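Here the structure comes first, spelled out in structure tokens, and everything after it is commentary.
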Amino acid sequence: MKMRESQVLKKLRAGKVVNCTKINLLDPRVTDIAAMYGFDCLWLDKEHVPTDWVTVENQIRSAKIHDVDIVVRVARGSYSDYIQPLELDATGIMVPHIMGLEDARKVVQITRFHPIGRRPIDGGNADGAYTTLELEDYIKQANEQRFIILQIEDPEPLDELEAIAALEGYDMLFFGPGDFSQGIGAPGDMNHPKLLEARQRVAEVAIKHGKFAATTGNFNNLDEFIDMGYKFISIGADVVGMNNYYNLLKTEFTDKMSDRSVID
């Protein structure tokens, strides 16, 4: 018995760029629809979205049907908040607002098994194939096939960025521009010099220390970020797509009614 291999890690380790999109809506059918289109990864959010673990479990299942990875951004809390997505067989977790080296070290300690960390062992859930994976295989495969992302989205951790990047036991540094812009006192200014400098630095330091660089982007800056060294880029979200679609429907309907009024 083998744990499902991560498509994200397979592509990243082959030097390829990974595509991801964010899912805010809770219905697993939304996850199913997005996964149908062959994204490498879908991003679920426990930091900002009021979802429960049963819903997350069903969302993960709907993605696995299509062999698509799921990363869950966890809420900052106890170790249970970090490991439960992994036990539900999420392919990775993203930990927001890493504030320094000691913070990063604690995350690794509770999310990686021996010999890297001291993640609590169960094995009776989906990731351990409900106890059918031998313990030694379970620990080894979980450390190799499940990824940990640390988010750098505040100015405070920049002083220890080199040490954070050098820390063993996690896979990606994710630059979060939104909260970073707020942290430097320029909310929403995506072209602020401090933000541009930090984005460049996160990519450079991650690559220097053998980590993958990750961030959010769009089609206008995709090439720029890839050239900068970013290999994991999340573009778009389900709620954005729905807003655009319904706005288009309403606009077209209004235009049609306007044309009919002119004719009538």
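Here's how to read the names in the structure tokens: chain A, B, ... by the order shown, residue numbers from 1 in each chain, ligand numbers from 1 in the order shown.
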Proximity of stretch 227-254 of chain A to stretch 10-17 of chain A: per-residue shortest pair, 8 Å limit, only C-alpha atoms, as a tab-separated table:
residue	atom	partner	partner_atom	distance
A:Tyr230	CA	A:Val17	CA	7.8
A:Lys231	CA	A:Val17	CA	4.5
A:Phe232	CA	A:Val17	CA	6.0
A:Ile233	CA	A:Val17	CA	7.7
Could those selected residues go to a file with C-alpha atoms, as a short mmCIF file (atom, residue, chain, number, x, y, z; two decimals), in the first residue's frame?
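Saved the output as result_27.cif:
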data_model
loop_
_atom_site.label_atom_id
_atom_site.label_comp_id
_atom_site.auth_asym_id
_atom_site.auth_seq_id
_atom_site.Cartn_x
_atom_site.Cartn_y
_atom_site.Cartn_z
CA TYR A 230 8.65 31.49 -8.33
CA LYS A 231 7.61 27.90 -9.08
CA PHE A 232 4.25 27.69 -7.27
CA ILE A 233 1.80 30.39 -8.33
#
Identify, on the basis of only C-alpha atoms, every residue whose closest approach to stretch 191-201 of chain A does not exceed 9 Å; exclude the query and any residue fewer than 3 positions from it along the same chain; express the result as a PDB file with N, CA and C atoms, in the first residue's frame.
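part.pdb, freshly written:
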ATOM      1  N   PRO A 155       6.526  42.151   7.515  1.00  0.00           N
ATOM      2  CA  PRO A 155       7.918  42.599   7.458  1.00  0.00           C
ATOM      3  C   PRO A 155       8.783  42.023   8.576  1.00  0.00           C
ATOM      4  N   LEU A 158      11.535  39.213   8.025  1.00  0.00           N
ATOM      5  CA  LEU A 158      12.593  39.457   7.041  1.00  0.00           C
ATOM      6  C   LEU A 158      13.979  39.493   7.680  1.00  0.00           C
ATOM      7  N   LEU A 161      15.060  35.958   7.668  1.00  0.00           N
ATOM      8  CA  LEU A 161      14.640  35.213   6.480  1.00  0.00           C
ATOM      9  C   LEU A 161      15.678  34.181   6.056  1.00  0.00           C
ATOM     10  N   PHE A 175       5.299  34.019  -0.468  1.00  0.00           N
ATOM     11  CA  PHE A 175       5.191  35.454  -0.227  1.00  0.00           C
ATOM     12  C   PHE A 175       3.741  35.887  -0.400  1.00  0.00           C
ATOM     13  N   GLY A 176       3.172  36.473   0.669  1.00  0.00           N
ATOM     14  CA  GLY A 176       1.800  36.963   0.631  1.00  0.00           C
ATOM     15  C   GLY A 176       1.778  38.482   0.543  1.00  0.00           C
ATOM     16  N   PRO A 177       1.487  39.044  -0.634  1.00  0.00           N
ATOM     17  CA  PRO A 177       1.602  40.492  -0.812  1.00  0.00           C
ATOM     18  C   PRO A 177       0.531  41.310  -0.095  1.00  0.00           C
ATOM     19  N   PHE A 180       1.314  41.745   3.574  1.00  0.00           N
ATOM     20  CA  PHE A 180       2.601  42.442   3.650  1.00  0.00           C
ATOM     21  C   PHE A 180       2.419  43.933   3.390  1.00  0.00           C
ATOM     22  N   SER A 181       1.558  44.274   2.427  1.00  0.00           N
ATOM     23  CA  SER A 181       1.331  45.691   2.129  1.00  0.00           C
ATOM     24  C   SER A 181       0.755  46.412   3.345  1.00  0.00           C
ATOM     25  N   ILE A 184       3.512  47.042   6.052  1.00  0.00           N
ATOM     26  CA  ILE A 184       4.441  48.166   5.806  1.00  0.00           C
ATOM     27  C   ILE A 184       3.711  49.504   5.767  1.00  0.00           C
ATOM     28  N   ALA A 186       1.044  50.320   3.863  1.00  0.00           N
ATOM     29  CA  ALA A 186       0.561  50.731   2.542  1.00  0.00           C
ATOM     30  C   ALA A 186      -0.443  49.705   2.020  1.00  0.00           C
ATOM     31  N   GLY A 188      -2.781  47.496   0.167  1.00  0.00           N
ATOM     32  CA  GLY A 188      -3.237  47.409  -1.220  1.00  0.00           C
ATOM     33  C   GLY A 188      -2.280  47.963  -2.249  1.00  0.00           C
ATOM     34  N   GLU A 204      14.681  34.795  -3.990  1.00  0.00           N
ATOM     35  CA  GLU A 204      16.130  34.571  -4.035  1.00  0.00           C
ATOM     36  C   GLU A 204      16.610  33.723  -2.860  1.00  0.00           C
ATOM     37  N   VAL A 205      16.117  34.042  -1.669  1.00  0.00           N
ATOM     38  CA  VAL A 205      16.568  33.330  -0.472  1.00  0.00           C
ATOM     39  C   VAL A 205      16.030  31.901  -0.457  1.00  0.00           C
ATOM     40  N   ALA A 206      14.787  31.726  -0.892  1.00  0.00           N
ATOM     41  CA  ALA A 206      14.226  30.376  -0.957  1.00  0.00           C
ATOM     42  C   ALA A 206      15.065  29.491  -1.870  1.00  0.00           C
ATOM     43  N   THR A 215       3.818  32.103  -4.474  1.00  0.00           N
ATOM     44  CA  THR A 215       3.124  33.374  -4.272  1.00  0.00           C
ATOM     45  C   THR A 215       1.795  33.345  -5.013  1.00  0.00           C
ATOM     46  N   PHE A 225       6.991  36.769 -12.471  1.00  0.00           N
ATOM     47  CA  PHE A 225       7.212  35.995 -11.248  1.00  0.00           C
ATOM     48  C   PHE A 225       7.983  34.712 -11.540  1.00  0.00           C
ATOM     49  N   MET A 228      11.470  35.476 -11.934  1.00  0.00           N
ATOM     50  CA  MET A 228      12.027  35.819 -10.628  1.00  0.00           C
ATOM     51  C   MET A 228      12.420  34.563  -9.844  1.00  0.00           C
ATOM     52  N   GLY A 229      11.846  33.423 -10.258  1.00  0.00           N
ATOM     53  CA  GLY A 229      12.165  32.168  -9.585  1.00  0.00           C
ATOM     54  C   GLY A 229      11.002  31.497  -8.898  1.00  0.00           C
TER      55      GLY A 229
END
TODO: Run DSSP on the backbone and give me the residues of stretch 7-227 of chain A it puts in strand (DSSP E), as a VMD selection string.
DONE: chain A and resid 18 to 23 41 to 45 69 to 73 92 to 95 147 to 152 172 to 175 212 to 217
File of the preceding selection, N, CA and C atoms, as an mmCIF file, in the first residue's frame:
data_model
loop_
_atom_site.group_PDB
_atom_site.id
_atom_site.type_symbol
_atom_site.label_atom_id
_atom_site.label_comp_id
_atom_site.auth_asym_id
_atom_site.auth_seq_id
_atom_site.Cartn_x
_atom_site.Cartn_y
_atom_site.Cartn_z
ATOM 1 N N VAL A 18 4.202 25.056 -11.012
ATOM 2 C CA VAL A 18 2.934 24.496 -10.536
ATOM 3 C C VAL A 18 1.847 25.563 -10.582
ATOM 4 N N ASN A 19 0.663 25.171 -11.079
ATOM 5 C CA ASN A 19 -0.482 26.088 -11.058
ATOM 6 C C ASN A 19 -1.450 25.693 -9.955
ATOM 7 N N CYS A 20 -2.055 26.699 -9.356
ATOM 8 C CA CYS A 20 -2.978 26.499 -8.235
ATOM 9 C C CYS A 20 -4.081 27.540 -8.346
ATOM 10 N N THR A 21 -5.233 27.228 -7.794
ATOM 11 C CA THR A 21 -6.298 28.227 -7.700
ATOM 12 C C THR A 21 -6.994 28.073 -6.354
ATOM 13 N N LYS A 22 -7.572 29.150 -5.850
ATOM 14 C CA LYS A 22 -8.118 29.179 -4.496
ATOM 15 C C LYS A 22 -9.612 28.870 -4.493
ATOM 16 N N ILE A 23 -10.019 28.099 -3.507
ATOM 17 C CA ILE A 23 -11.421 27.738 -3.327
ATOM 18 C C ILE A 23 -11.909 28.334 -2.014
ATOM 19 N N CYS A 41 -3.088 21.949 -8.251
ATOM 20 C CA CYS A 41 -3.379 22.082 -6.825
ATOM 21 C C CYS A 41 -4.571 23.011 -6.612
ATOM 22 N N LEU A 42 -5.373 22.696 -5.622
ATOM 23 C CA LEU A 42 -6.449 23.571 -5.175
ATOM 24 C C LEU A 42 -6.158 23.998 -3.738
ATOM 25 N N TRP A 43 -6.393 25.263 -3.472
ATOM 26 C CA TRP A 43 -6.073 25.854 -2.165
ATOM 27 C C TRP A 43 -7.377 26.061 -1.391
ATOM 28 N N LEU A 44 -7.521 25.323 -0.292
ATOM 29 C CA LEU A 44 -8.626 25.513 0.638
ATOM 30 C C LEU A 44 -8.151 26.380 1.793
ATOM 31 N N ASP A 45 -9.083 27.107 2.411
ATOM 32 C CA ASP A 45 -8.685 28.084 3.422
ATOM 33 C C ASP A 45 -9.420 27.869 4.741
ATOM 34 N N ASP A 69 -3.916 17.740 -6.238
ATOM 35 C CA ASP A 69 -3.474 18.010 -4.874
ATOM 36 C C ASP A 69 -4.365 19.047 -4.200
ATOM 37 N N ILE A 70 -4.442 18.948 -2.884
ATOM 38 C CA ILE A 70 -5.112 19.942 -2.054
ATOM 39 C C ILE A 70 -4.130 20.476 -1.032
ATOM 40 N N VAL A 71 -4.021 21.808 -0.953
ATOM 41 C CA VAL A 71 -3.287 22.429 0.141
ATOM 42 C C VAL A 71 -4.299 23.193 0.990
ATOM 43 N N VAL A 72 -4.219 23.026 2.293
ATOM 44 C CA VAL A 72 -5.116 23.711 3.217
ATOM 45 C C VAL A 72 -4.320 24.758 3.982
ATOM 46 N N ARG A 73 -4.742 26.022 3.848
ATOM 47 C CA ARG A 73 -4.139 27.040 4.705
ATOM 48 C C ARG A 73 -4.808 26.931 6.070
ATOM 49 N N GLY A 92 -0.894 18.985 1.308
ATOM 50 C CA GLY A 92 -0.009 19.935 1.957
ATOM 51 C C GLY A 92 -0.781 20.888 2.843
ATOM 52 N N ILE A 93 -0.057 21.596 3.668
ATOM 53 C CA ILE A 93 -0.646 22.670 4.463
ATOM 54 C C ILE A 93 0.165 23.944 4.254
ATOM 55 N N MET A 94 -0.507 25.071 4.417
ATOM 56 C CA MET A 94 0.127 26.383 4.345
ATOM 57 C C MET A 94 -0.109 27.069 5.683
ATOM 58 N N VAL A 95 0.970 27.478 6.329
ATOM 59 C CA VAL A 95 0.868 28.107 7.649
ATOM 60 C C VAL A 95 1.073 29.608 7.486
ATOM 61 N N PHE A 147 3.646 18.222 1.604
ATOM 62 C CA PHE A 147 4.466 19.436 1.638
ATOM 63 C C PHE A 147 3.951 20.441 2.666
ATOM 64 N N ILE A 148 4.914 21.174 3.213
ATOM 65 C CA ILE A 148 4.649 22.222 4.193
ATOM 66 C C ILE A 148 5.072 23.558 3.593
ATOM 67 N N ILE A 149 4.152 24.526 3.609
ATOM 68 C CA ILE A 149 4.428 25.869 3.098
ATOM 69 C C ILE A 149 4.393 26.851 4.261
ATOM 70 N N LEU A 150 5.413 27.673 4.351
ATOM 71 C CA LEU A 150 5.450 28.743 5.346
ATOM 72 C C LEU A 150 5.215 30.068 4.642
ATOM 73 N N GLN A 151 4.255 30.833 5.136
ATOM 74 C CA GLN A 151 3.938 32.113 4.509
ATOM 75 C C GLN A 151 4.726 33.262 5.138
ATOM 76 N N ILE A 152 5.400 33.999 4.272
ATOM 77 C CA ILE A 152 6.058 35.239 4.678
ATOM 78 C C ILE A 152 5.169 36.369 4.183
ATOM 79 N N MET A 172 8.331 25.003 1.027
ATOM 80 C CA MET A 172 8.114 26.251 0.285
ATOM 81 C C MET A 172 8.043 27.458 1.191
ATOM 82 N N LEU A 173 8.540 28.578 0.671
ATOM 83 C CA LEU A 173 8.288 29.894 1.244
ATOM 84 C C LEU A 173 7.290 30.600 0.335
ATOM 85 N N PHE A 174 6.201 31.068 0.906
ATOM 86 C CA PHE A 174 5.120 31.686 0.144
ATOM 87 C C PHE A 174 5.045 33.165 0.506
ATOM 88 N N PHE A 175 5.299 34.019 -0.468
ATOM 89 C CA PHE A 175 5.191 35.454 -0.227
ATOM 90 C C PHE A 175 3.741 35.887 -0.400
ATOM 91 N N PHE A 212 11.320 25.904 -2.456
ATOM 92 C CA PHE A 212 10.566 26.404 -3.596
ATOM 93 C C PHE A 212 9.905 27.723 -3.210
ATOM 94 N N ALA A 213 9.892 28.662 -4.141
ATOM 95 C CA ALA A 213 9.264 29.961 -3.914
ATOM 96 C C ALA A 213 7.834 29.926 -4.444
ATOM 97 N N ALA A 214 6.908 30.445 -3.640
ATOM 98 C CA ALA A 214 5.485 30.421 -3.981
ATOM 99 C C ALA A 214 4.872 31.790 -3.720
ATOM 100 N N THR A 215 3.818 32.103 -4.474
ATOM 101 C CA THR A 215 3.124 33.374 -4.272
ATOM 102 C C THR A 215 1.795 33.345 -5.013
ATOM 103 N N THR A 216 1.061 34.441 -4.912
ATOM 104 C CA THR A 216 -0.139 34.636 -5.718
ATOM 105 C C THR A 216 0.211 35.524 -6.901
ATOM 106 N N GLY A 217 -0.552 35.376 -7.997
ATOM 107 C CA GLY A 217 -0.283 36.184 -9.171
ATOM 108 C C GLY A 217 -1.477 36.262 -10.088
#
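Closest approach to A:Val202 among A:Ala165, A:Leu133, A:Ile110, A:Ala237 is made by A:Ala165 (distances from only C-alpha atoms).
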- [ ] Using only C-alpha atoms, pick whichever of A:Thr31, A:Gln84, A:Asn220, A:Gln182 has the shortest atom-to-atom distance to A:Asp122.
- [x] A:Gln84
Open item on the list: Report, in Å to a single decimal, how far apart atom CA of A:Val239 and atom CA of A:Leu25 are.
Closed with: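 Interatomic distance here is 7.2 Å.
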TODO: Return as a ChimeraX atom specification the full set of residues in stretch 32-210 of chain A whose backbone-based DSSP assignment is helix (DSSP H, G or I).
DONE: /A:32-36,53-64,79-87,101-111,126-128,135-145,156-166,177-183,193-208
Open item on the list: So that I can see what lies close to A:His114, please list as a ChimeraX atom specification the residues with an atom at most 9 Å from it, counting only C-alpha atoms and leaving out residues fewer than 4 positions away in the same chain.
Closed with: /A:118-119,139-140,143
Task: Counting only C-alpha atoms, the residue of A:Lys208, A:Leu9, A:Arg146, A:Leu167 that sits nearest A:Val108 - done: A:Leu167
